[in-house]
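*Asks:* upload_13.txt (compact mmCIF, C-alpha atoms) pasted underneath:
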# COMPACT_ATOMS: atom_id res chain seq x y z
CA MET A 234 47.63 27.45 27.67
CA ASP A 235 45.18 28.13 24.86
CA GLU A 236 42.18 30.20 25.66
CA VAL A 237 38.85 28.38 26.04
CA ARG A 238 36.34 29.29 23.34
CA LEU A 239 32.61 28.77 23.36
CA ILE A 240 31.08 27.25 20.22
CA GLU A 241 27.33 27.35 19.77
CA VAL A 242 26.09 23.92 18.66
CA LYS A 243 22.30 24.32 18.96
CA GLU A 244 21.44 20.88 17.63
CA ASP A 245 18.70 18.51 18.63
CA ILE A 246 20.29 15.15 19.48
CA LEU A 247 17.40 13.16 18.03
CA SER A 248 16.87 15.39 14.98
CA ASP A 249 18.33 12.84 12.52
CA ASN A 250 15.92 10.21 13.78
CA LYS A 251 13.03 12.66 13.66
CA ALA A 252 13.91 13.67 10.08
CA GLN A 253 14.09 10.04 9.00
CA ALA A 254 10.78 9.30 10.75
CA ASP A 255 9.15 12.27 8.98
CA GLY A 256 10.52 11.03 5.65
CA LEU A 257 9.12 7.58 6.32
CA ARG A 258 5.69 9.04 7.09
CA ILE A 259 5.69 10.90 3.77
CA SER A 260 6.70 7.85 1.71
CA LEU A 261 4.21 5.57 3.48
CA LYS A 262 1.44 8.12 2.97
CA ALA A 263 2.17 7.99 -0.78
CA GLU A 264 1.89 4.19 -0.62
CA LYS A 265 -1.31 4.53 1.41
CA SER A 266 0.20 2.26 4.07
CA PHE A 267 -0.78 3.11 7.65
CA LEU A 268 2.10 2.52 10.08
CA MET A 269 1.15 1.78 13.67
CA ASN A 270 3.61 1.41 16.54
CA LEU A 271 2.50 -0.87 19.38
CA MET A 272 4.33 -0.57 22.69
CA SER A 273 3.98 -2.13 26.15
CA SER A 274 5.83 -3.87 28.95
CA PRO A 275 7.09 -7.40 28.27
CA GLY A 276 4.24 -9.86 28.74
CA ALA A 277 1.39 -7.35 28.46
CA GLY A 278 0.01 -9.39 25.58
CA LYS A 279 0.96 -7.47 22.44
CA THR A 280 1.21 -10.54 20.22
CA THR A 281 -2.04 -12.08 21.45
CA LEU A 282 -3.92 -8.81 21.01
CA LEU A 283 -2.49 -8.47 17.51
CA MET A 284 -3.54 -11.97 16.51
CA LYS A 285 -7.09 -11.41 17.76
CA SER A 286 -7.33 -7.91 16.27
CA ILE A 287 -5.99 -8.88 12.86
CA ALA A 288 -8.40 -11.83 12.69
CA LYS A 289 -11.25 -9.30 12.99
CA ILE A 290 -10.09 -6.92 10.28
CA LYS A 291 -8.16 -9.06 7.81
CA ASP A 292 -11.03 -9.36 5.32
CA ASP A 293 -11.16 -5.57 4.94
CA VAL A 294 -7.60 -4.47 5.62
CA LYS A 295 -4.38 -6.05 4.34
CA VAL A 296 -2.02 -6.25 7.34
CA GLY A 297 1.70 -6.91 7.78
CA VAL A 298 3.52 -7.09 11.10
CA MET A 299 7.08 -6.21 12.03
CA GLU A 300 8.05 -7.91 15.26
CA ALA A 301 10.95 -6.48 17.21
CA ASP A 302 12.67 -8.35 19.99
CA ILE A 303 16.10 -8.28 21.49
CA ASP A 304 16.44 -11.92 20.48
CA SER A 305 14.37 -14.91 19.24
CA LYS A 306 11.73 -15.11 16.53
CA VAL A 307 8.88 -16.79 18.43
CA ASP A 308 6.51 -13.84 18.02
CA ALA A 309 6.76 -13.73 14.23
CA GLU A 310 6.39 -17.50 14.07
CA LYS A 311 3.17 -17.32 16.10
CA LEU A 312 1.71 -14.78 13.67
CA VAL A 313 2.84 -16.63 10.55
CA ALA A 314 1.25 -19.81 11.94
CA GLN A 315 -2.04 -17.86 11.96
CA GLY A 316 -1.57 -16.92 8.31
CA ILE A 317 -0.50 -13.36 9.11
CA SER A 318 2.32 -11.80 7.13
CA ALA A 319 5.12 -11.04 9.61
CA ILE A 320 8.83 -10.50 9.83
CA GLN A 321 11.06 -10.57 12.90
CA LEU A 322 13.63 -7.90 13.64
CA ARG A 323 16.26 -8.83 16.17
CA THR A 324 17.53 -5.65 17.76
CA GLY A 325 20.60 -7.42 19.16
CA GLY A 326 20.44 -5.90 22.60
CA PHE A 327 18.89 -2.59 21.62
CA CYS A 328 16.00 -1.74 23.89
CA HIS A 329 13.89 0.05 21.26
CA LEU A 330 13.34 0.58 17.53
CA ASP A 331 14.24 3.82 15.80
CA ALA A 332 13.29 5.13 12.37
CA ASN A 333 16.41 3.67 10.77
CA MET A 334 15.67 0.16 12.04
CA VAL A 335 12.05 0.46 10.89
CA THR A 336 13.18 1.62 7.44
CA LYS A 337 15.42 -1.46 7.14
CA GLY A 338 12.58 -3.66 8.36
CA LEU A 339 10.22 -2.22 5.75
CA GLU A 340 12.79 -2.92 3.03
CA ALA A 341 12.76 -6.56 4.09
CA MET A 342 8.95 -6.71 4.01
CA ASP A 343 6.73 -6.80 0.98
CA VAL A 344 5.09 -3.47 1.77
CA LYS A 345 3.33 -2.90 -1.54
CA GLY A 346 -0.39 -3.27 -1.17
CA LEU A 347 -0.37 -3.37 2.63
CA ASP A 348 -3.04 -1.11 4.14
CA LEU A 349 -1.77 -1.48 7.69
CA ILE A 350 1.75 -2.18 8.89
CA ILE A 351 2.06 -2.83 12.62
CA ILE A 352 5.34 -2.53 14.48
CA GLU A 353 5.39 -4.59 17.63
CA ASN A 354 8.08 -2.68 19.47
CA VAL A 355 10.47 -4.15 22.05
CA GLY A 356 8.63 -4.83 25.32
CA ASN A 357 9.73 -1.83 27.38
CA LEU A 358 7.92 1.27 28.66
CA VAL A 359 11.00 3.50 28.76
CA CYS A 360 13.15 3.59 25.63
CA PRO A 361 10.60 3.09 22.81
CA ALA A 362 8.85 6.26 24.02
CA GLU A 363 11.88 8.38 23.14
CA PHE A 364 12.35 7.35 19.51
CA ASP A 365 10.00 8.32 16.70
CA THR A 366 9.54 5.25 14.47
CA GLY A 367 7.77 7.02 11.62
CA ALA A 368 4.39 5.64 12.71
CA VAL A 369 1.23 7.70 12.28
CA LEU A 370 -0.36 6.04 15.30
CA ASN A 371 1.29 5.18 18.60
CA VAL A 372 -0.59 2.67 20.68
CA MET A 373 0.25 1.54 24.17
CA LEU A 374 -1.00 -1.60 25.82
CA LEU A 375 -1.36 -1.74 29.60
CA SER A 376 -2.49 -5.05 31.06
CA VAL A 377 -4.53 -5.17 34.26
CA PRO A 378 -2.02 -7.40 36.15
CA GLU A 379 0.69 -4.75 35.68
CA GLY A 380 -1.14 -2.38 38.01
CA ASP A 381 -2.72 1.05 37.78
CA ASP A 382 0.44 2.95 38.78
CA LYS A 383 2.14 2.74 35.36
CA PRO A 384 1.22 6.31 34.29
CA LEU A 385 2.96 7.51 37.44
CA LYS A 386 6.09 5.48 36.75
CA TYR A 387 6.41 5.93 32.98
CA PRO A 388 4.88 9.34 32.22
CA LEU A 389 6.69 9.86 28.90
CA MET A 390 5.14 6.75 27.35
CA PHE A 391 1.67 8.06 28.15
CA THR A 392 2.42 11.46 26.62
CA VAL A 393 3.59 10.05 23.25
CA CYS A 394 0.71 7.60 22.72
CA ASP A 395 -2.44 8.40 20.78
CA VAL A 396 -4.22 5.33 22.10
CA LEU A 397 -4.11 3.41 25.37
CA ILE A 398 -5.56 -0.09 25.37
CA VAL A 399 -6.17 -1.47 28.84
CA THR A 400 -6.06 -5.19 28.27
CA LYS A 401 -6.56 -8.47 30.16
CA MET A 402 -9.82 -6.92 31.40
CA ASP A 403 -10.92 -10.44 32.34
CA TYR A 404 -8.55 -10.15 35.32
CA LEU A 405 -10.18 -6.99 36.61
CA SER A 406 -12.49 -8.64 39.14
CA LEU A 407 -9.54 -10.57 40.59
CA SER A 408 -7.35 -7.53 41.11
CA ASP A 409 -7.37 -4.19 42.89
CA PHE A 410 -6.60 -2.41 39.61
CA ASP A 411 -8.37 0.95 39.65
CA LEU A 412 -9.59 1.59 36.11
CA ASN A 413 -10.81 5.10 36.87
CA ALA A 414 -7.44 6.00 38.36
CA VAL A 415 -5.71 4.86 35.17
CA ARG A 416 -8.12 6.85 33.01
CA GLU A 417 -7.55 9.97 35.11
CA ARG A 418 -3.79 9.57 35.32
CA ALA A 419 -3.45 8.96 31.57
CA LYS A 420 -5.72 11.89 30.69
CA LYS A 421 -3.74 14.20 32.96
CA LEU A 422 -0.56 13.39 31.06
CA ASN A 423 -2.25 13.39 27.68
CA PRO A 424 -5.73 14.93 27.48
CA ASN A 425 -6.17 13.68 23.88
CA ILE A 426 -5.38 10.03 24.57
CA LYS A 427 -8.07 7.61 23.41
CA ILE A 428 -8.72 4.71 25.79
CA PHE A 429 -10.07 1.25 24.97
CA GLU A 430 -10.75 -1.54 27.45
CA VAL A 431 -10.25 -4.99 26.01
CA SER A 432 -9.83 -8.64 26.83
CA ALA A 433 -8.17 -10.47 23.96
CA LYS A 434 -9.04 -13.72 25.72
CA THR A 435 -12.81 -13.25 26.08
CA GLY A 436 -13.18 -10.81 23.19
CA GLU A 437 -14.67 -8.14 25.48
CA GLY A 438 -14.27 -4.67 23.99
CA LEU A 439 -12.31 -5.99 21.01
CA ASP A 440 -14.82 -4.82 18.40
CA ASP A 441 -14.73 -1.22 19.68
CA TRP A 442 -10.98 -1.17 19.19
CA THR A 443 -10.84 -2.97 15.84
CA ASP A 444 -13.77 -0.99 14.36
CA TRP A 445 -12.05 2.25 15.34
CA LEU A 446 -8.70 1.08 13.92
CA LYS A 447 -10.28 -0.12 10.67
CA ASN A 448 -11.92 3.26 10.26
CA GLU A 449 -8.63 5.10 10.84
CA VAL A 450 -6.82 2.91 8.30
CA THR A 451 -9.58 3.23 5.71
CA THR A 452 -9.74 7.02 6.09
CA PHE A 453 -5.95 7.25 5.78
CA GLY A 454 -5.98 5.26 2.51
CA LYS A 455 -8.54 7.53 0.84
CA MET B 276 18.50 2.36 29.26
CA HIS B 277 18.98 3.91 25.85
CA GLU B 278 21.86 6.15 26.91
CA LEU B 279 24.21 4.44 24.45
CA PRO B 280 22.53 5.43 21.14
CA VAL B 281 21.84 8.92 22.49
CA THR B 282 25.46 9.30 23.56
CA GLU B 283 26.66 8.14 20.14
CA LYS B 284 24.59 10.90 18.55
CA ILE B 285 26.00 13.50 20.94
CA LEU B 286 29.54 12.47 20.03
CA ASP B 287 28.79 12.53 16.25
CA ILE B 288 27.39 16.05 16.48
CA ILE B 289 30.23 17.31 18.67
CA VAL B 290 32.94 15.86 16.44
CA ALA B 291 31.32 17.40 13.35
CA HIS B 292 31.23 20.84 14.96
CA ALA B 293 34.79 20.44 16.26
CA GLU B 294 36.07 19.67 12.75
CA ARG B 295 34.34 22.71 11.29
CA ASN B 296 35.84 24.97 13.96
CA ASN B 297 39.42 23.66 14.03
CA VAL B 298 39.07 22.53 17.61
CA GLN B 299 42.02 20.84 19.32
CA LYS B 300 40.15 19.64 22.34
CA VAL B 301 36.58 19.74 23.62
CA VAL B 302 36.51 20.59 27.33
CA THR B 303 32.84 20.87 28.23
CA ILE B 304 29.56 20.07 26.45
CA ASN B 305 26.40 21.79 27.67
CA LEU B 306 23.19 19.84 27.12
CA ASN B 307 19.51 20.46 27.76
CA ILE B 308 17.59 17.31 28.56
CA GLY B 309 13.87 17.25 29.38
CA GLU B 310 12.68 16.02 32.75
CA LEU B 311 10.40 13.50 31.05
CA SER B 312 13.40 11.61 29.70
CA ASP B 313 14.65 8.73 31.80
CA LEU B 314 18.31 9.23 30.98
CA GLU B 315 20.76 8.83 33.81
CA ASP B 316 23.31 11.65 33.73
CA GLU B 317 26.03 9.46 35.18
CA TRP B 318 25.58 6.80 32.50
CA ILE B 319 25.63 9.31 29.67
CA GLN B 320 29.01 10.49 30.98
CA ASN B 321 30.26 6.91 31.38
CA TYR B 322 29.28 5.96 27.83
CA PHE B 323 30.67 9.21 26.52
CA ASP B 324 34.03 8.62 28.22
CA TYR B 325 34.19 5.23 26.56
CA LEU B 326 33.00 6.28 23.08
CA ALA B 327 35.05 9.48 22.90
CA LYS B 328 38.40 7.77 23.50
CA GLY B 329 40.88 8.84 20.84
CA SER B 330 38.59 11.59 19.54
CA VAL B 331 38.81 15.36 19.90
CA ALA B 332 36.21 15.08 22.65
CA GLU B 333 38.11 12.59 24.81
CA GLY B 334 37.79 13.57 28.47
CA ALA B 335 35.12 16.21 27.86
CA LYS B 336 32.72 16.84 30.70
CA LEU B 337 28.99 16.74 29.97
CA VAL B 338 27.00 19.34 31.84
CA ILE B 339 23.32 18.47 31.76
CA GLU B 340 20.70 21.07 32.47
CA LYS B 341 17.27 19.52 33.04
CA VAL B 342 14.43 21.24 31.22
CA PRO B 343 11.21 21.37 33.24
CA VAL B 344 7.90 20.06 31.96
CA VAL B 345 5.89 23.02 30.70
CA MET B 346 2.33 22.96 29.43
CA ASN B 347 0.51 25.45 27.30
CA CYS B 348 -3.13 25.92 28.26
CA ASN B 349 -5.47 25.47 25.29
CA GLY B 350 -8.10 27.49 27.11
CA CYS B 351 -6.31 30.78 27.81
CA SER B 352 -2.84 30.28 26.20
CA ASN B 353 -1.17 30.63 29.60
CA THR B 354 1.95 28.47 30.06
CA PHE B 355 2.60 26.66 33.32
CA GLN B 356 5.19 24.33 34.77
CA VAL B 357 4.19 20.99 36.23
CA ASP B 358 5.86 18.53 38.55
CA ILE B 359 5.23 15.27 36.74
CA LYS B 360 6.79 13.23 39.53
CA GLU B 361 4.18 14.35 42.02
CA MET B 362 1.25 14.04 39.63
CA LYS B 363 -0.82 16.61 41.46
CA GLU B 364 -4.16 17.60 40.06
CA MET B 365 -3.04 19.25 36.84
CA GLN B 366 -4.93 22.26 35.59
CA CYS B 367 -4.16 25.71 34.31
CA PRO B 368 -3.47 27.92 37.35
CA ASP B 369 -5.10 30.86 35.55
CA CYS B 370 -8.34 29.52 34.11
CA ASP B 371 -8.55 26.01 35.70
CA SER B 372 -8.75 24.39 32.24
CA LYS B 373 -7.65 20.76 32.03
CA ASP B 374 -7.03 21.02 28.29
CA TYR B 375 -3.33 21.64 27.66
CA THR B 376 -0.44 20.73 25.37
CA LEU B 377 3.08 19.77 26.34
CA ILE B 378 5.58 22.35 25.08
CA SER B 379 8.78 21.31 26.83
CA GLY B 380 10.12 18.44 28.89
CA LYS B 381 11.01 16.01 26.10
CA ASP B 382 14.11 17.97 25.05
CA TYR B 383 17.35 16.45 23.79
CA TYR B 384 19.44 19.40 22.83
CA ILE B 385 23.13 20.32 22.63
CA LYS B 386 23.48 24.00 23.48
CA ASN B 387 27.17 24.67 23.09
CA MET B 388 30.65 23.42 23.87
CA GLU B 389 33.71 24.89 25.46
CA VAL B 390 36.84 24.12 23.48
CA VAL B 391 40.51 24.97 23.09
For the structure just supplied, provide its representation as structure tokens.
*Replies:*
Amino acid sequence: MDEVRLIEVKEDILSDNKAQADGLRISLKAEKSFLMNLMSSPGAGKTTLLMKSIAKIKDDVKVGVMEADIDSKVDAEKLVAQGISAIQLRTGGFCHLDANMVTKGLEAMDVKGLDLIIIENVGNLVCPAEFDTGAVLNVMLLSVPEGDDKPLKYPLMFTVCDVLIVTKMDYLSLSDFDLNAVRERAKKLNPNIKIFEVSAKTGEGLDDWTDWLKNEVTTFGK
Amino acid sequence: MHELPVTEKILDIIVAHAERNNVQKVVTINLNIGELSDLEDEWIQNYFDYLAKGSVAEGAKLVIEKVPVVMNCNGCSNTFQVDIKEMKEMQCPDCDSKDYTLISGKDYYIKNMEVV
């Protein structure tokens, strides 16, 4: 019997993805295109929030959207119907996007001249949190009907996001959702997280979010 | 849920190292995975068993060591471990600061492998 040897591997499993994501950030910075990654549970309202947000900023910021879903193209069709430039990526069963998929998506888009490219990630609070997409801003959407316990159940997602948007605020009075508890729980996991409270339906809080985003995109392009 | 792509990467890395080191068979792979990851150890092994068929790593056992969540206090530079699952009031045990940065717990790392 041959003797067992120990070989040091010392490799990060996700280092290839991280390197590709870093490369993407550098090339998009040169193009002055701001890449934002939007994540949430299915049904939190990512597409609706995007439509309302883009309507507010489209005169100042040229926006393109990359929709990712396991199947179907309904999300991209909704955006295109509103005159928004969008493509649909079908992940074919994959539960998340990684930097490689985003790179391929960008190749299929007309990126030149876009100030803001938004990735609408697969609706899922687990897997997208693990994979760097190359975005310079990670945004998470949490809708009031989902409940205030999400930071307890999906802590990683809250640690990787720069921004948390609590949405469907118009439901707040109908629910026992504890907004302060969410703020506290999210801040505990990520003291630097920026929190917005929005209702895409009534427009409440939307300007705070879109003004902030517009400013980030404009500063990035300078 | 995303065990499959992660497992594919593990196998790629292991096979590359095995080729460089004239390995006949990989017996054990020692991994460090952060407690913040939602990977199921059992599923990583199941996927690995499937993917590694016919390769030098067929039948290898994955030994996963969980890496605790550790924060670095931005107030006094003290490091402290936290139990994310319990979500207790989190603050630096030394200076009570609530301003801290995550330094481990998101790890995905292959330490070494035992081979013949």
*Asks:* Work out how far CA of Val331 in chain B is from CA of Glu294 in chain B, in Å to one decimal.
*Replies:*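 Computing the Euclidean distance for CA of Glu294 in chain B and CA of Val331 in chain B yields 8.8 Å.
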*Asks:* At a cut-off of 6 Å, which residues of chain B touch chain A? Count all atoms listed in the file and give the answer as a VMD selection string.
*Replies:* chain B and resid 277 311 383 to 391
*Asks:* Point out the residue among B:Met365, B:Leu286, B:Lys336, B:Tyr375 with the least atom-to-atom distance to Cys351 in chain B, counting all atoms listed in the file.
*Replies:*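 Among the listed residues, the smallest separation from Cys351 in chain B belongs to B:Tyr375.
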*Asks:* Work out how far apart CA of Gly346 in chain A and CA of Leu283 in chain A are and give it in Å to one decimal.
*Replies:* 19.5 Å
*Asks:* Would you list the contacts of Lys289 in chain A as number ranges by chain, taking every protein, DNA or RNA residue within 10 Å and counting only C-alpha atoms, but skipping same-chain residues closer than 3 positions in sequence?
*Replies:* A: 283-286, 292-294, 439-440, 443-444, 447
*Asks:* Go ahead and compute the interatomic distance for CA of Thr354 in chain B and CA of Met373 in chain A, in Å to one decimal.
*Replies:*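 The value is 27.6 Å.
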*Asks:* Identify, on the basis of all atoms listed in the file, every residue whose closest approach to Gly350 in chain B does not exceed 8 Å; exclude the query and any residue fewer than 6 positions from it along the same chain; express the result as a VMD selection string.
*Replies:* chain B and resid 370 372 374 to 375
*Asks:* Show me, as a ChimeraX atom specification, the residues that have an atom within 10 Å of Arg258 in chain A when counting only C-alpha atoms, minus same-chain residues fewer than 3 positions from it.
*Replies:* /A:252-255,261-264,266-268,366-369
*Asks:* Tell me which protein, DNA and RNA residues are within 7 Å of range 430-436 of chain A, counting all atoms listed in the file, leaving out same-chain ones fewer than 3 positions away, and put them as a list in words.
*Replies:*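 So the residues in contact are Thr281, Leu282, Lys285, Ile398, Val399, Thr400, Lys401, Met402, Asp403 and Leu439 of chain A.
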*Asks:* Kindly reconstruct range 351-379 of chain B with N, CA and C atoms and present the result as an mmCIF file, in the frame of the given file.
*Replies:*
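And here's result_22.cif as it stands now:
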data_model
loop_
_atom_site.group_PDB
_atom_site.id
_atom_site.type_symbol
_atom_site.label_atom_id
_atom_site.label_comp_id
_atom_site.auth_asym_id
_atom_site.auth_seq_id
_atom_site.Cartn_x
_atom_site.Cartn_y
_atom_site.Cartn_z
ATOM 1 N N CYS B 351 -6.624 29.346 27.735
ATOM 2 C CA CYS B 351 -6.310 30.780 27.810
ATOM 3 C C CYS B 351 -4.899 31.099 27.332
ATOM 4 N N SER B 352 -4.202 30.099 26.744
ATOM 5 C CA SER B 352 -2.840 30.280 26.200
ATOM 6 C C SER B 352 -1.784 30.585 27.258
ATOM 7 N N ASN B 353 -2.136 30.472 28.522
ATOM 8 C CA ASN B 353 -1.170 30.630 29.600
ATOM 9 C C ASN B 353 -0.211 29.417 29.571
ATOM 10 N N THR B 354 1.066 29.626 29.920
ATOM 11 C CA THR B 354 1.950 28.470 30.060
ATOM 12 C C THR B 354 2.236 28.232 31.537
ATOM 13 N N PHE B 355 2.336 26.967 31.916
ATOM 14 C CA PHE B 355 2.600 26.660 33.320
ATOM 15 C C PHE B 355 3.456 25.411 33.458
ATOM 16 N N GLN B 356 4.264 25.427 34.516
ATOM 17 C CA GLN B 356 5.190 24.330 34.770
ATOM 18 C C GLN B 356 4.517 23.293 35.666
ATOM 19 N N VAL B 357 4.792 22.020 35.384
ATOM 20 C CA VAL B 357 4.190 20.990 36.230
ATOM 21 C C VAL B 357 5.247 20.040 36.773
ATOM 22 N N ASP B 358 4.974 19.520 37.949
ATOM 23 C CA ASP B 358 5.860 18.530 38.550
ATOM 24 C C ASP B 358 5.271 17.153 38.273
ATOM 25 N N ILE B 359 5.753 16.549 37.179
ATOM 26 C CA ILE B 359 5.230 15.270 36.740
ATOM 27 C C ILE B 359 5.404 14.202 37.822
ATOM 28 N N LYS B 360 6.491 14.259 38.524
ATOM 29 C CA LYS B 360 6.790 13.230 39.530
ATOM 30 C C LYS B 360 5.718 13.185 40.628
ATOM 31 N N GLU B 361 5.168 14.325 40.943
ATOM 32 C CA GLU B 361 4.180 14.350 42.020
ATOM 33 C C GLU B 361 2.763 14.106 41.533
ATOM 34 N N MET B 362 2.553 14.305 40.225
ATOM 35 C CA MET B 362 1.250 14.040 39.630
ATOM 36 C C MET B 362 0.099 14.680 40.418
ATOM 37 N N LYS B 363 0.277 15.914 40.774
ATOM 38 C CA LYS B 363 -0.820 16.610 41.460
ATOM 39 C C LYS B 363 -1.942 16.843 40.449
ATOM 40 N N GLU B 364 -3.058 17.241 40.948
ATOM 41 C CA GLU B 364 -4.160 17.600 40.060
ATOM 42 C C GLU B 364 -3.648 18.660 39.083
ATOM 43 N N MET B 365 -3.628 18.319 37.795
ATOM 44 C CA MET B 365 -3.040 19.250 36.840
ATOM 45 C C MET B 365 -4.126 20.076 36.155
ATOM 46 N N GLN B 366 -4.022 21.369 36.318
ATOM 47 C CA GLN B 366 -4.930 22.260 35.590
ATOM 48 C C GLN B 366 -4.264 23.615 35.478
ATOM 49 N N CYS B 367 -4.749 24.403 34.533
ATOM 50 C CA CYS B 367 -4.160 25.710 34.310
ATOM 51 C C CYS B 367 -4.380 26.571 35.568
ATOM 52 N N PRO B 368 -3.298 27.123 36.126
ATOM 53 C CA PRO B 368 -3.470 27.920 37.350
ATOM 54 C C PRO B 368 -4.265 29.207 37.100
ATOM 55 N N ASP B 369 -4.363 29.619 35.846
ATOM 56 C CA ASP B 369 -5.100 30.860 35.550
ATOM 57 C C ASP B 369 -6.595 30.625 35.347
ATOM 58 N N CYS B 370 -6.919 29.657 34.459
ATOM 59 C CA CYS B 370 -8.340 29.520 34.110
ATOM 60 C C CYS B 370 -8.913 28.167 34.519
ATOM 61 N N ASP B 371 -8.111 27.329 35.224
ATOM 62 C CA ASP B 371 -8.550 26.010 35.700
ATOM 63 C C ASP B 371 -8.842 24.996 34.592
ATOM 64 N N SER B 372 -8.494 25.327 33.331
ATOM 65 C CA SER B 372 -8.750 24.390 32.240
ATOM 66 C C SER B 372 -7.891 23.153 32.399
ATOM 67 N N LYS B 373 -8.442 21.988 31.995
ATOM 68 C CA LYS B 373 -7.650 20.760 32.030
ATOM 69 C C LYS B 373 -7.256 20.349 30.610
ATOM 70 N N ASP B 374 -7.385 21.279 29.676
ATOM 71 C CA ASP B 374 -7.030 21.020 28.290
ATOM 72 C C ASP B 374 -5.719 21.753 27.996
ATOM 73 N N TYR B 375 -4.640 20.996 27.823
ATOM 74 C CA TYR B 375 -3.330 21.640 27.660
ATOM 75 C C TYR B 375 -2.435 20.793 26.763
ATOM 76 N N THR B 376 -1.373 21.408 26.272
ATOM 77 C CA THR B 376 -0.440 20.730 25.370
ATOM 78 C C THR B 376 0.963 20.856 25.939
ATOM 79 N N LEU B 377 1.698 19.765 25.854
ATOM 80 C CA LEU B 377 3.080 19.770 26.340
ATOM 81 C C LEU B 377 3.962 20.609 25.410
ATOM 82 N N ILE B 378 4.670 21.581 25.945
ATOM 83 C CA ILE B 378 5.580 22.350 25.080
ATOM 84 C C ILE B 378 7.057 22.152 25.408
ATOM 85 N N SER B 379 7.382 21.707 26.596
ATOM 86 C CA SER B 379 8.780 21.310 26.830
ATOM 87 C C SER B 379 8.821 20.237 27.894
#
